[in-house]
file structure.cif (mmCIF, C-alpha atoms and all ligand atoms)
data_work
#
loop_
_atom_site.group_PDB
_atom_site.id
_atom_site.type_symbol
_atom_site.label_atom_id
_atom_site.label_comp_id
_atom_site.auth_asym_id
_atom_site.auth_seq_id
_atom_site.Cartn_x
_atom_site.Cartn_y
_atom_site.Cartn_z
ATOM 1 C CA MET N 1457 12.953 -14.202 -17.244
ATOM 2 C CA ARG N 1458 13.056 -10.771 -15.658
ATOM 3 C CA LYS N 1459 14.954 -10.062 -12.457
ATOM 4 C CA PRO N 1460 12.378 -10.570 -9.695
ATOM 5 C CA ILE N 1461 11.318 -7.617 -7.553
ATOM 6 C CA ARG N 1462 12.341 -8.360 -3.977
ATOM 7 C CA ARG N 1463 12.031 -4.992 -2.210
ATOM 8 C CA ALA N 1464 8.958 -3.009 -1.252
ATOM 9 C CA ILE N 1465 8.603 0.458 0.210
ATOM 10 C CA PHE N 1466 5.788 1.226 2.628
ATOM 11 C CA PRO N 1467 5.363 4.966 3.100
ATOM 12 C CA VAL N 1468 3.881 5.257 6.611
ATOM 13 C CA ALA N 1469 4.854 8.738 7.705
ATOM 14 C CA GLY N 1470 1.465 10.427 7.122
ATOM 15 C CA LEU N 1471 -0.291 12.138 10.032
ATOM 16 C CA GLY N 1472 -3.693 10.529 9.554
ATOM 17 C CA THR N 1473 -5.575 13.708 10.429
ATOM 18 C CA ARG N 1474 -8.780 12.335 8.911
ATOM 19 C CA PHE N 1475 -8.957 9.778 11.702
ATOM 20 C CA LEU N 1476 -8.355 12.054 14.667
ATOM 21 C CA PRO N 1477 -8.718 11.554 17.568
ATOM 22 C CA ALA N 1478 -8.063 7.823 16.899
ATOM 23 C CA THR N 1479 -4.718 8.679 15.332
ATOM 24 C CA LYS N 1480 -3.563 11.121 17.991
ATOM 25 C CA SER N 1481 -1.152 8.640 19.508
ATOM 26 C CA MET N 1482 -1.536 5.745 17.071
ATOM 27 C CA PRO N 1483 -0.382 5.604 13.444
ATOM 28 C CA LYS N 1484 -3.274 5.396 10.975
ATOM 29 C CA GLU N 1485 -1.593 2.335 9.473
ATOM 30 C CA MET N 1486 -2.244 0.507 12.751
ATOM 31 C CA LEU N 1487 -6.030 0.969 12.500
ATOM 32 C CA PRO N 1488 -7.477 -2.548 12.428
ATOM 33 C CA VAL N 1489 -9.782 -3.896 9.768
ATOM 34 C CA VAL N 1490 -11.542 -6.709 11.645
ATOM 35 C CA ASP N 1491 -8.526 -7.832 13.707
ATOM 36 C CA LYS N 1492 -5.497 -6.963 11.609
ATOM 37 C CA PRO N 1493 -3.820 -3.560 11.214
ATOM 38 C CA LEU N 1494 -3.889 -2.003 7.750
ATOM 39 C CA ILE N 1495 -0.110 -2.173 7.484
ATOM 40 C CA GLN N 1496 -0.123 -5.906 8.051
ATOM 41 C CA TYR N 1497 -2.537 -6.446 5.167
ATOM 42 C CA ALA N 1498 -0.071 -4.562 2.961
ATOM 43 C CA VAL N 1499 2.929 -6.540 4.236
ATOM 44 C CA ASP N 1500 1.086 -9.858 3.809
ATOM 45 C CA GLU N 1501 0.109 -8.872 0.262
ATOM 46 C CA ALA N 1502 3.741 -8.011 -0.509
ATOM 47 C CA ARG N 1503 4.995 -11.260 0.981
ATOM 48 C CA GLU N 1504 2.508 -13.252 -1.107
ATOM 49 C CA ALA N 1505 3.908 -11.477 -4.177
ATOM 50 C CA GLY N 1506 7.456 -12.639 -3.389
ATOM 51 C CA ILE N 1507 8.753 -9.529 -1.601
ATOM 52 C CA GLU N 1508 11.607 -10.315 0.792
ATOM 53 C CA GLU N 1509 12.732 -6.890 1.982
ATOM 54 C CA PHE N 1510 10.262 -4.552 3.624
ATOM 55 C CA ILE N 1511 11.313 -0.922 3.839
ATOM 56 C CA PHE N 1512 9.162 1.345 5.978
ATOM 57 C CA VAL N 1513 9.393 5.088 5.583
ATOM 58 C CA THR N 1514 8.235 6.229 8.986
ATOM 59 C CA GLY N 1515 7.940 9.479 10.871
ATOM 60 C CA ARG N 1516 7.677 10.621 14.448
ATOM 61 C CA SER N 1517 5.307 8.638 16.697
ATOM 62 C CA LYS N 1518 5.257 5.593 14.433
ATOM 63 C CA SER N 1519 7.175 3.294 16.759
ATOM 64 C CA SER N 1520 4.184 0.974 17.252
ATOM 65 C CA ILE N 1521 4.632 -0.126 13.616
ATOM 66 C CA GLU N 1522 8.167 -1.258 14.457
ATOM 67 C CA ASP N 1523 6.888 -3.001 17.584
ATOM 68 C CA HIS N 1524 4.179 -4.753 15.598
ATOM 69 C CA PHE N 1525 6.738 -6.438 13.356
ATOM 70 C CA ASP N 1526 8.913 -7.541 16.267
ATOM 71 C CA HIS N 1527 8.756 -10.026 19.132
ATOM 72 C CA SER N 1528 6.652 -9.124 22.133
ATOM 73 C CA TYR N 1529 8.381 -11.288 24.701
ATOM 74 C CA GLU N 1530 6.001 -10.611 27.602
ATOM 75 C CA LEU N 1531 2.935 -11.344 25.514
ATOM 76 C CA GLU N 1532 4.483 -14.439 23.962
ATOM 77 C CA HIS N 1533 5.569 -15.679 27.368
ATOM 78 C CA SER N 1534 2.119 -15.325 28.920
ATOM 79 C CA LEU N 1535 0.415 -16.943 25.905
ATOM 80 C CA GLU N 1536 2.852 -19.819 26.230
ATOM 81 C CA GLU N 1537 2.146 -20.192 29.929
ATOM 82 C CA ARG N 1538 -1.579 -20.351 29.234
ATOM 83 C CA GLY N 1539 -1.122 -22.912 26.486
ATOM 84 C CA LYS N 1540 -2.537 -20.587 23.794
ATOM 85 C CA THR N 1541 -0.473 -22.194 21.063
ATOM 86 C CA GLU N 1542 -2.681 -21.147 18.160
ATOM 87 C CA LEU N 1543 -2.447 -17.470 19.052
ATOM 88 C CA LEU N 1544 1.262 -17.814 19.604
ATOM 89 C CA ASN N 1545 1.752 -19.388 16.195
ATOM 90 C CA MET N 1546 -0.353 -16.678 14.601
ATOM 91 C CA LEU N 1547 1.872 -14.004 16.165
ATOM 92 C CA HIS N 1548 4.934 -15.762 14.808
ATOM 93 C CA THR N 1549 3.557 -15.691 11.263
ATOM 94 C CA VAL N 1550 3.428 -11.865 11.505
ATOM 95 C CA LEU N 1551 7.148 -11.696 12.135
ATOM 96 C CA PRO N 1552 9.368 -10.977 9.183
ATOM 97 C CA LYS N 1553 12.615 -12.935 9.127
ATOM 98 C CA VAL N 1554 15.577 -11.389 10.880
ATOM 99 C CA GLY N 1555 17.007 -8.577 8.748
ATOM 100 C CA GLN N 1556 14.101 -8.437 6.306
ATOM 101 C CA VAL N 1557 12.709 -5.178 7.655
ATOM 102 C CA SER N 1558 14.324 -1.788 7.653
ATOM 103 C CA TYR N 1559 13.134 1.628 8.691
ATOM 104 C CA THR N 1560 14.065 5.027 7.458
ATOM 105 C CA ARG N 1561 12.509 8.337 8.406
ATOM 106 C CA GLN N 1562 10.903 10.994 6.326
ATOM 107 C CA GLN N 1563 11.924 13.950 8.451
ATOM 108 C CA GLN N 1564 9.610 16.449 6.789
ATOM 109 C CA PRO N 1565 6.158 15.811 5.276
ATOM 110 C CA LEU N 1566 7.076 16.821 1.726
ATOM 111 C CA GLY N 1567 4.857 14.392 -0.209
ATOM 112 C CA LEU N 1568 4.632 10.787 -1.370
ATOM 113 C CA GLY N 1569 7.419 11.231 -3.941
ATOM 114 C CA HIS N 1570 9.679 12.525 -1.200
ATOM 115 C CA ALA N 1571 8.757 9.602 1.081
ATOM 116 C CA VAL N 1572 9.711 7.090 -1.619
ATOM 117 C CA TRP N 1573 12.926 9.038 -2.336
ATOM 118 C CA CYS N 1574 13.842 8.721 1.372
ATOM 119 C CA ALA N 1575 14.177 4.957 0.768
ATOM 120 C CA ARG N 1576 16.525 5.295 -2.231
ATOM 121 C CA TYR N 1577 19.624 3.973 -0.450
ATOM 122 C CA HIS N 1578 17.694 0.889 0.664
ATOM 123 C CA VAL N 1579 16.364 0.171 -2.820
ATOM 124 C CA ARG N 1580 19.580 0.999 -4.665
ATOM 125 C CA ASP N 1581 19.666 0.276 -8.391
ATOM 126 C CA GLU N 1582 16.882 -2.300 -8.596
ATOM 127 C CA PRO N 1583 13.206 -2.305 -9.476
ATOM 128 C CA PHE N 1584 10.976 -2.121 -6.422
ATOM 129 C CA ALA N 1585 7.369 -2.088 -5.247
ATOM 130 C CA VAL N 1586 5.493 0.641 -3.367
ATOM 131 C CA LEU N 1587 2.375 -0.168 -1.347
ATOM 132 C CA LEU N 1588 0.099 2.397 0.266
ATOM 133 C CA ALA N 1589 -1.614 0.711 3.202
ATOM 134 C CA ASP N 1590 -4.623 3.093 2.978
ATOM 135 C CA ASP N 1591 -5.661 1.334 -0.198
ATOM 136 C CA LEU N 1592 -6.861 -2.007 1.079
ATOM 137 C CA ILE N 1593 -7.633 -4.526 -1.651
ATOM 138 C CA LEU N 1594 -9.744 -7.633 -1.233
ATOM 139 C CA SER N 1595 -8.698 -10.103 -3.906
ATOM 140 C CA LYS N 1596 -7.362 -13.587 -4.402
ATOM 141 C CA PRO N 1597 -4.604 -13.635 -5.458
ATOM 142 C CA GLY N 1598 -3.577 -10.303 -3.961
ATOM 143 C CA CYS N 1599 -3.239 -7.221 -6.152
ATOM 144 C CA LEU N 1600 0.574 -7.138 -5.976
ATOM 145 C CA ARG N 1601 0.792 -10.836 -6.932
ATOM 146 C CA GLN N 1602 -1.403 -10.124 -9.971
ATOM 147 C CA MET N 1603 0.860 -7.201 -10.872
ATOM 148 C CA MET N 1604 4.028 -9.305 -10.542
ATOM 149 C CA ASP N 1605 2.602 -11.835 -12.982
ATOM 150 C CA ILE N 1606 2.013 -9.098 -15.574
ATOM 151 C CA TYR N 1607 5.330 -7.438 -14.754
ATOM 152 C CA ASN N 1608 7.246 -10.638 -15.428
ATOM 153 C CA ASP N 1609 5.972 -10.419 -19.015
ATOM 154 C CA VAL N 1610 6.149 -6.700 -19.697
ATOM 155 C CA GLY N 1611 8.555 -5.029 -17.228
ATOM 156 C CA GLY N 1612 8.731 -1.231 -17.075
ATOM 157 C CA ASN N 1613 6.713 0.804 -14.602
ATOM 158 C CA LEU N 1614 3.394 -0.782 -13.697
ATOM 159 C CA VAL N 1615 0.751 0.818 -11.469
ATOM 160 C CA ALA N 1616 -2.608 -0.501 -10.303
ATOM 161 C CA VAL N 1617 -5.524 1.496 -11.717
ATOM 162 C CA GLU N 1618 -9.286 1.665 -11.507
ATOM 163 C CA ASP N 1619 -12.017 3.954 -12.779
ATOM 164 C CA VAL N 1620 -13.306 6.453 -10.256
ATOM 165 C CA PRO N 1621 -16.374 8.702 -10.428
ATOM 166 C CA LYS N 1622 -15.625 11.870 -12.418
ATOM 167 C CA GLU N 1623 -16.126 14.085 -9.346
ATOM 168 C CA ASP N 1624 -13.365 12.197 -7.500
ATOM 169 C CA THR N 1625 -10.469 12.766 -9.922
ATOM 170 C CA SER N 1626 -9.046 15.452 -7.610
ATOM 171 C CA LYS N 1627 -8.198 12.743 -5.049
ATOM 172 C CA TYR N 1628 -5.988 10.647 -7.339
ATOM 173 C CA GLY N 1629 -3.225 10.451 -9.883
ATOM 174 C CA ILE N 1630 -5.028 10.243 -13.237
ATOM 175 C CA LEU N 1631 -3.850 8.640 -16.484
ATOM 176 C CA ASP N 1632 -3.869 10.427 -19.809
ATOM 177 C CA VAL N 1633 -4.803 7.244 -21.652
ATOM 178 C CA ILE N 1634 -3.763 6.483 -25.224
ATOM 179 C CA SER N 1635 -4.906 2.869 -25.412
ATOM 180 C CA ASP N 1636 -6.780 0.531 -23.121
ATOM 181 C CA ASP N 1637 -7.624 -3.139 -23.687
ATOM 182 C CA GLY N 1638 -9.652 -3.405 -20.494
ATOM 183 C CA THR N 1639 -6.761 -4.863 -18.489
ATOM 184 C CA ILE N 1640 -3.723 -2.827 -19.480
ATOM 185 C CA ALA N 1641 -3.878 0.880 -20.224
ATOM 186 C CA ASN N 1642 -1.084 2.832 -21.875
ATOM 187 C CA ALA N 1643 -0.757 6.490 -21.047
ATOM 188 C CA ARG N 1644 1.071 9.447 -22.549
ATOM 189 C CA GLY N 1645 1.046 11.250 -19.221
ATOM 190 C CA LEU N 1646 -0.150 11.316 -15.631
ATOM 191 C CA VAL N 1647 -1.696 14.192 -13.717
ATOM 192 C CA GLU N 1648 -1.768 14.350 -9.935
ATOM 193 C CA LYS N 1649 -5.164 15.280 -8.472
ATOM 194 C CA PRO N 1650 -6.678 17.186 -11.409
ATOM 195 C CA SER N 1651 -10.077 18.812 -10.933
ATOM 196 C CA PRO N 1652 -12.844 16.965 -12.841
ATOM 197 C CA GLU N 1653 -13.020 19.678 -15.530
ATOM 198 C CA VAL N 1654 -9.416 19.193 -16.593
ATOM 199 C CA ALA N 1655 -8.904 15.510 -15.759
ATOM 200 C CA PRO N 1656 -7.674 13.649 -18.880
ATOM 201 C CA SER N 1657 -9.684 10.519 -17.890
ATOM 202 C CA THR N 1658 -11.236 8.864 -14.850
ATOM 203 C CA LEU N 1659 -8.648 6.086 -14.726
ATOM 204 C CA SER N 1660 -6.862 6.591 -11.440
ATOM 205 C CA ILE N 1661 -3.764 5.268 -9.730
ATOM 206 C CA ILE N 1662 -4.388 2.999 -6.732
ATOM 207 C CA GLY N 1663 -1.639 2.591 -4.152
ATOM 208 C CA ARG N 1664 0.332 -0.265 -5.725
ATOM 209 C CA TYR N 1665 3.360 0.442 -7.878
ATOM 210 C CA LEU N 1666 6.140 -1.611 -9.476
ATOM 211 C CA LEU N 1667 8.822 0.869 -10.439
ATOM 212 C CA GLN N 1668 12.215 1.058 -12.080
ATOM 213 C CA PRO N 1669 14.988 2.901 -10.228
ATOM 214 C CA GLU N 1670 15.011 5.599 -12.955
ATOM 215 C CA VAL N 1671 12.213 7.265 -11.000
ATOM 216 C CA PHE N 1672 14.821 8.306 -8.422
ATOM 217 C CA SER N 1673 16.640 10.498 -10.947
ATOM 218 C CA GLN N 1674 13.412 12.490 -11.234
ATOM 219 C CA LEU N 1675 12.784 12.500 -7.489
ATOM 220 C CA ASP N 1676 16.372 13.724 -6.965
ATOM 221 C CA LEU N 1677 15.280 17.009 -8.548
ATOM 222 C CA GLN N 1678 12.846 17.544 -5.638
ATOM 223 C CA GLN N 1679 10.364 19.378 -7.854
ATOM 224 C CA THR N 1680 7.052 20.169 -6.225
ATOM 225 C CA GLY N 1681 3.672 19.627 -7.847
ATOM 226 C CA ALA N 1682 0.044 19.409 -6.723
ATOM 227 C CA GLY N 1683 -0.479 20.748 -3.187
ATOM 228 C CA GLY N 1684 3.127 22.026 -3.124
ATOM 229 C CA GLU N 1685 4.323 18.452 -2.510
ATOM 230 C CA ILE N 1686 6.900 16.280 -4.247
ATOM 231 C CA GLN N 1687 4.632 13.877 -6.101
ATOM 232 C CA LEU N 1688 5.447 10.288 -7.057
ATOM 233 C CA THR N 1689 2.955 10.612 -9.933
ATOM 234 C CA ASP N 1690 4.953 13.492 -11.475
ATOM 235 C CA ALA N 1691 8.248 11.600 -11.219
ATOM 236 C CA ILE N 1692 6.725 8.535 -12.917
ATOM 237 C CA ALA N 1693 5.113 10.747 -15.576
ATOM 238 C CA LYS N 1694 8.510 12.246 -16.445
ATOM 239 C CA THR N 1695 9.984 8.816 -17.126
ATOM 240 C CA ILE N 1696 7.270 7.945 -19.690
ATOM 241 C CA GLY N 1697 9.104 7.561 -22.990
ATOM 242 C CA VAL N 1698 12.259 6.406 -21.202
ATOM 243 C CA VAL N 1699 10.677 3.613 -19.171
ATOM 244 C CA PRO N 1700 7.549 1.876 -20.533
ATOM 245 C CA PHE N 1701 4.528 2.789 -18.417
ATOM 246 C CA ARG N 1702 1.384 0.721 -17.949
ATOM 247 C CA GLY N 1703 -1.723 0.928 -15.806
ATOM 248 C CA PHE N 1704 -3.091 -2.431 -14.703
ATOM 249 C CA ARG N 1705 -6.762 -2.982 -13.869
ATOM 250 C CA PHE N 1706 -6.476 -5.504 -11.063
ATOM 251 C CA LYS N 1707 -9.186 -8.010 -10.217
ATOM 252 C CA GLY N 1708 -10.652 -7.344 -6.800
ATOM 253 C CA LYS N 1709 -12.308 -4.662 -4.741
ATOM 254 C CA ARG N 1710 -10.393 -1.762 -3.292
ATOM 255 C CA TYR N 1711 -11.394 0.107 -0.147
ATOM 256 C CA ASP N 1712 -10.168 3.617 0.568
ATOM 257 C CA CYS N 1713 -9.260 3.234 4.213
ATOM 258 C CA GLY N 1714 -8.012 6.808 4.353
ATOM 259 C CA ASP N 1715 -11.691 7.736 4.359
ATOM 260 C CA LYS N 1716 -14.103 7.015 7.211
ATOM 261 C CA LEU N 1717 -16.828 5.448 5.087
ATOM 262 C CA GLY N 1718 -14.343 3.460 3.041
ATOM 263 C CA PHE N 1719 -12.815 2.189 6.280
ATOM 264 C CA LEU N 1720 -16.196 1.153 7.702
ATOM 265 C CA GLU N 1721 -17.091 -0.581 4.445
ATOM 266 C CA ALA N 1722 -13.761 -2.427 4.479
ATOM 267 C CA ASN N 1723 -14.537 -3.758 7.948
ATOM 268 C CA LEU N 1724 -17.867 -5.081 6.739
ATOM 269 C CA ALA N 1725 -16.446 -6.550 3.533
ATOM 270 C CA PHE N 1726 -13.496 -8.225 5.248
ATOM 271 C CA GLY N 1727 -15.810 -9.449 8.009
ATOM 272 C CA LEU N 1728 -18.151 -10.963 5.414
ATOM 273 C CA ASP N 1729 -15.163 -12.541 3.712
ATOM 274 C CA ARG N 1730 -14.222 -14.398 6.891
ATOM 275 C CA GLU N 1731 -15.817 -17.789 7.369
ATOM 276 C CA ASP N 1732 -15.771 -17.456 11.154
ATOM 277 C CA LEU N 1733 -17.572 -14.092 11.051
ATOM 278 C CA ARG N 1734 -19.751 -14.146 7.927
ATOM 279 C CA ALA N 1735 -22.998 -15.331 9.515
ATOM 280 C CA GLY N 1736 -22.603 -12.980 12.474
ATOM 281 C CA VAL N 1737 -21.888 -9.939 10.320
ATOM 282 C CA ARG N 1738 -24.952 -10.736 8.182
ATOM 283 C CA GLU N 1739 -27.123 -10.894 11.303
ATOM 284 C CA VAL N 1740 -25.792 -7.555 12.494
ATOM 285 C CA LEU N 1741 -26.370 -5.951 9.101
ATOM 286 C CA LYS N 1742 -29.946 -7.196 8.970
ATOM 287 C CA LYS N 1743 -30.698 -5.185 12.095
ATOM 288 C CA TYR N 1744 -29.801 -1.967 10.321
ATOM 289 C CA ILE N 1745 -31.325 -2.365 6.895
HETATM 290 C C1 LIG Y 1 -1.618 9.057 -3.447
HETATM 291 C C2 LIG Y 1 -1.036 9.377 -4.814
HETATM 292 C C3 LIG Y 1 -2.129 9.359 -5.875
HETATM 293 C C4 LIG Y 1 -2.845 8.036 -5.854
HETATM 294 C C5 LIG Y 1 -3.389 7.760 -4.429
HETATM 295 C C6 LIG Y 1 -3.986 6.374 -4.340
HETATM 296 O O1 LIG Y 1 -2.441 10.121 -3.035
HETATM 297 O O2 LIG Y 1 -0.405 10.646 -4.758
HETATM 298 O O3 LIG Y 1 -1.561 9.570 -7.149
HETATM 299 O O4 LIG Y 1 -3.906 8.046 -6.785
HETATM 300 O O5 LIG Y 1 -2.342 7.856 -3.463
HETATM 301 O O6 LIG Y 1 -4.578 6.175 -3.104
HETATM 302 P P1 LIG Y 1 -2.867 10.333 -1.493
HETATM 303 O O7 LIG Y 1 -4.009 9.399 -1.259
HETATM 304 O O8 LIG Y 1 -1.675 10.011 -0.673
HETATM 305 O O9 LIG Y 1 -3.282 11.766 -1.400
#
call {"tool": "encode", "arguments": {"input": "structure.cif", "output": "structure tokens", "more": "lines below"}}
Ligand code: G1P
result
Amino acid sequence: MRKPIRRAIFPVAGLGTRFLPATKSMPKEMLPVVDKPLIQYAVDEAREAGIEEFIFVTGRSKSSIEDHFDHSYELEHSLEERGKTELLNMLHTVLPKVGQVSYTRQQQPLGLGHAVWCARYHVRDEPFAVLLADDLILSKPGCLRQMMDIYNDVGGNLVAVEDVPKEDTSKYGILDVISDDGTIANARGLVEKPSPEVAPSTLSIIGRYLLQPEVFSQLDLQQTGAGGEIQLTDAIAKTIGVVPFRGFRFKGKRYDCGDKLGFLEANLAFGLDREDLRAGVREVLKKYI
């Protein structure tokens, strides 16, 4: 039995410029899909997978994320007074246990690799998970739970992957695949955001990672890559050969909530997935098609 992964990093320092003006004074991770902020979907998915320590890498003007995962005494008090017990209980389920959450800041926007590196003292010398809240995944069990089950067998570095259209390779980390059984892909390398002409495949990294602490020795070097940023993809790529690397095709549908259309589609899909809303969403859709 492998040592279980108990810690997860949530990089939430990004500016969210694609959603301006909505994100002018609100973190993009707090954008709601139906009635739940993106970051809470990620935290719930991590919790379902057995994560017990939630490490947020935040930036300036992200304090509402901290507030979201804390008590709101005034709100709780007035719900209590009005006898809204169900809502009150729901709010309590959002709350992590005392001491389970920690926050560290990425003081400069130097890339995803840098954001993860900012959490190195929280993670210490243990394997850990990384979840990008922009990638919202509808699946039962959740994507991270599925990954943990595979990880318990194989260990190493494991990332969620899916095929993307050839013209989209420049948005993702792409695997240079050497073997692929349809569920697990082995790669000899990874390339961050290659243009379609030079992309080694169309198998792309989705924002779920289970990583060994060795990746920090690479991130320590602070080498920049695509877009002049310190890339997590590059640091993982450099450990291939030292740490086994695998891409895992998860079961489920992923929505790119960093993109307006992806975000709208996620709202529809998650609405349709909800028993209390399904019929209503269908009715609304009928009006437009
Ligand atoms: C990041 C990673 C990229 C990965 C993507 C998944 O890119 O750098 O390798 O494929 O997330 O969403 P970003 O979307 O932050 O530009």
call {"tool": "closest_residue", "arguments": {"input": "structure.cif", "among": "N:Ile1495, N:Ala1616, N:Leu1476, N:Leu1566", "to": "N:Gln1678", "atoms": "only C-alpha atoms"}}
result
N:Leu1566
call {"tool": "residues_near_ligand", "arguments": {"input": "structure.cif", "ligand": "ligand LIG 1 (chain Y)", "cutoff": "7 Å", "atoms": "only C-alpha atoms and all ligand atoms", "output": "list of chain:residue names"}}
result
N:Leu1568, N:Leu1588, N:Asp1590, N:Asp1591, N:Lys1627, N:Tyr1628, N:Gly1629, N:Ile1630, N:Glu1648, N:Lys1649, N:Ser1660, N:Ile1661, N:Ile1662, N:Gly1663, N:Gln1687, N:Leu1688, N:Thr1689
call {"tool": "residues_around", "arguments": {"input": "structure.cif", "residues": "N:Val1740", "least_positions_apart": "4", "cutoff": "12 Å", "atoms": "all atoms listed in the file", "output": "MDAnalysis selection string"}}
result
chainID N and resid 1724 1727:1728 1733:1736 1744:1745
call {"tool": "atom_distance", "arguments": {"input": "structure.cif", "atom1": "atom CA of N:Arg1463", "atom2": "atom CA of N:Ala1585"}}
result
6.3 Å
call {"tool": "residues_near_point", "arguments": {"input": "structure.cif", "point": "(-3.6, 19.4, -9.4)", "cutoff": "8 Å", "atoms": "only C-alpha atoms", "output": "PyMOL selection string"}}
result
chain N and resi 1626+1647-1651+1681-1683
call {"tool": "write_last_selection", "arguments": {"input": "structure.cif", "atoms": "C-alpha atoms", "output": "PDB file, in the frame of the given file"}}
result
ATOM      1  CA  SER N1626      -9.046  15.452  -7.610  1.00  0.00           C
ATOM      2  CA  VAL N1647      -1.696  14.192 -13.717  1.00  0.00           C
ATOM      3  CA  GLU N1648      -1.768  14.350  -9.935  1.00  0.00           C
ATOM      4  CA  LYS N1649      -5.164  15.280  -8.472  1.00  0.00           C
ATOM      5  CA  PRO N1650      -6.678  17.186 -11.409  1.00  0.00           C
ATOM      6  CA  SER N1651     -10.077  18.812 -10.933  1.00  0.00           C
ATOM      7  CA  GLY N1681       3.672  19.627  -7.847  1.00  0.00           C
ATOM      8  CA  ALA N1682       0.044  19.409  -6.723  1.00  0.00           C
ATOM      9  CA  GLY N1683      -0.479  20.748  -3.187  1.00  0.00           C
TER      10      GLY N1683
END
call {"tool": "atom_distance", "arguments": {"input": "structure.cif", "atom1": "atom CA of N:Val1468", "atom2": "atom CA of N:Ala1571"}}
result
8.6 Å
call {"tool": "axis_aligned_box", "arguments": {"input": "structure.cif", "around": "stretch 1694-1702 of chain N", "padding_each_side": "3 Å", "output": "lines of an AutoDock Vina configuration file"}}
result
center_x = 6.8
center_y = 6.5
center_z = -19.7
size_x = 16.9
size_y = 17.5
size_z = 12.5
call {"tool": "resolve_selection", "arguments": {"input": "structure.cif", "expression": "the PyMOL selection byres (((chain N and resi 1595-1610) around 8) and not hetatm)", "output": "VMD selection string"}}
result
chain N and resid 1457 to 1458 1460 1501 to 1502 1504 to 1506 1593 to 1594 1611 to 1612 1614 1616 1664 1666 1704 1706 to 1709
call {"tool": "closest_residue", "arguments": {"input": "structure.cif", "among": "N:Asp1676, N:Glu1653, N:Glu1670, N:Arg1644", "to": "N:Ala1693", "atoms": "only C-alpha atoms"}}
result
N:Arg1644
call {"tool": "atom_distance", "arguments": {"input": "structure.cif", "atom1": "atom CA of N:Leu1720", "atom2": "atom CA of N:Gly1567"}}
result
26.1 Å
call {"tool": "closest_residue", "arguments": {"input": "structure.cif", "among": "N:Leu1677, N:Leu1543, N:Val1579, N:Leu1659", "to": "N:Leu1531", "atoms": "all atoms listed in the file"}}
result
N:Leu1543
call {"tool": "closest_residue", "arguments": {"input": "structure.cif", "among": "N:Tyr1559, N:Asp1729, N:Cys1713, N:Pro1700", "to": "N:Lys1484", "atoms": "only C-alpha atoms"}}
result
N:Cys1713
call {"tool": "build_atoms", "arguments": {"input": "structure.cif", "residues": "stretch 1478-1490 of chain N", "atoms": "N, CA and C atoms", "output": "short mmCIF file (atom, residue, chain, number, x, y, z; two decimals), in the coordinates of the input"}}
result
data_model
loop_
_atom_site.label_atom_id
_atom_site.label_comp_id
_atom_site.auth_asym_id
_atom_site.auth_seq_id
_atom_site.Cartn_x
_atom_site.Cartn_y
_atom_site.Cartn_z
N ALA N 1478 -8.62 9.19 16.82
CA ALA N 1478 -8.06 7.82 16.90
C ALA N 1478 -6.56 7.81 16.63
N THR N 1479 -6.12 8.72 15.76
CA THR N 1479 -4.72 8.68 15.33
C THR N 1479 -3.84 9.68 16.10
N LYS N 1480 -4.36 10.15 17.22
CA LYS N 1480 -3.56 11.12 17.99
C LYS N 1480 -2.26 10.48 18.48
N SER N 1481 -2.38 9.28 19.02
CA SER N 1481 -1.15 8.64 19.51
C SER N 1481 -0.93 7.29 18.85
N MET N 1482 -1.68 7.03 17.76
CA MET N 1482 -1.54 5.74 17.07
C MET N 1482 -1.44 6.01 15.56
N PRO N 1483 -0.48 5.39 14.89
CA PRO N 1483 -0.38 5.60 13.44
C PRO N 1483 -1.64 5.11 12.74
N LYS N 1484 -2.06 5.82 11.69
CA LYS N 1484 -3.27 5.40 10.98
C LYS N 1484 -3.10 4.00 10.37
N GLU N 1485 -1.85 3.66 10.07
CA GLU N 1485 -1.59 2.34 9.47
C GLU N 1485 -1.84 1.20 10.45
N MET N 1486 -1.98 1.54 11.75
CA MET N 1486 -2.24 0.51 12.75
C MET N 1486 -3.75 0.36 13.01
N LEU N 1487 -4.58 1.14 12.34
CA LEU N 1487 -6.03 0.97 12.50
C LEU N 1487 -6.39 -0.44 12.03
N PRO N 1488 -7.17 -1.17 12.83
CA PRO N 1488 -7.48 -2.55 12.43
C PRO N 1488 -8.70 -2.65 11.51
N VAL N 1489 -8.61 -3.48 10.52
CA VAL N 1489 -9.78 -3.90 9.77
C VAL N 1489 -10.06 -5.32 10.25
N VAL N 1490 -11.19 -5.49 10.89
CA VAL N 1490 -11.54 -6.71 11.64
C VAL N 1490 -10.53 -6.89 12.80
#
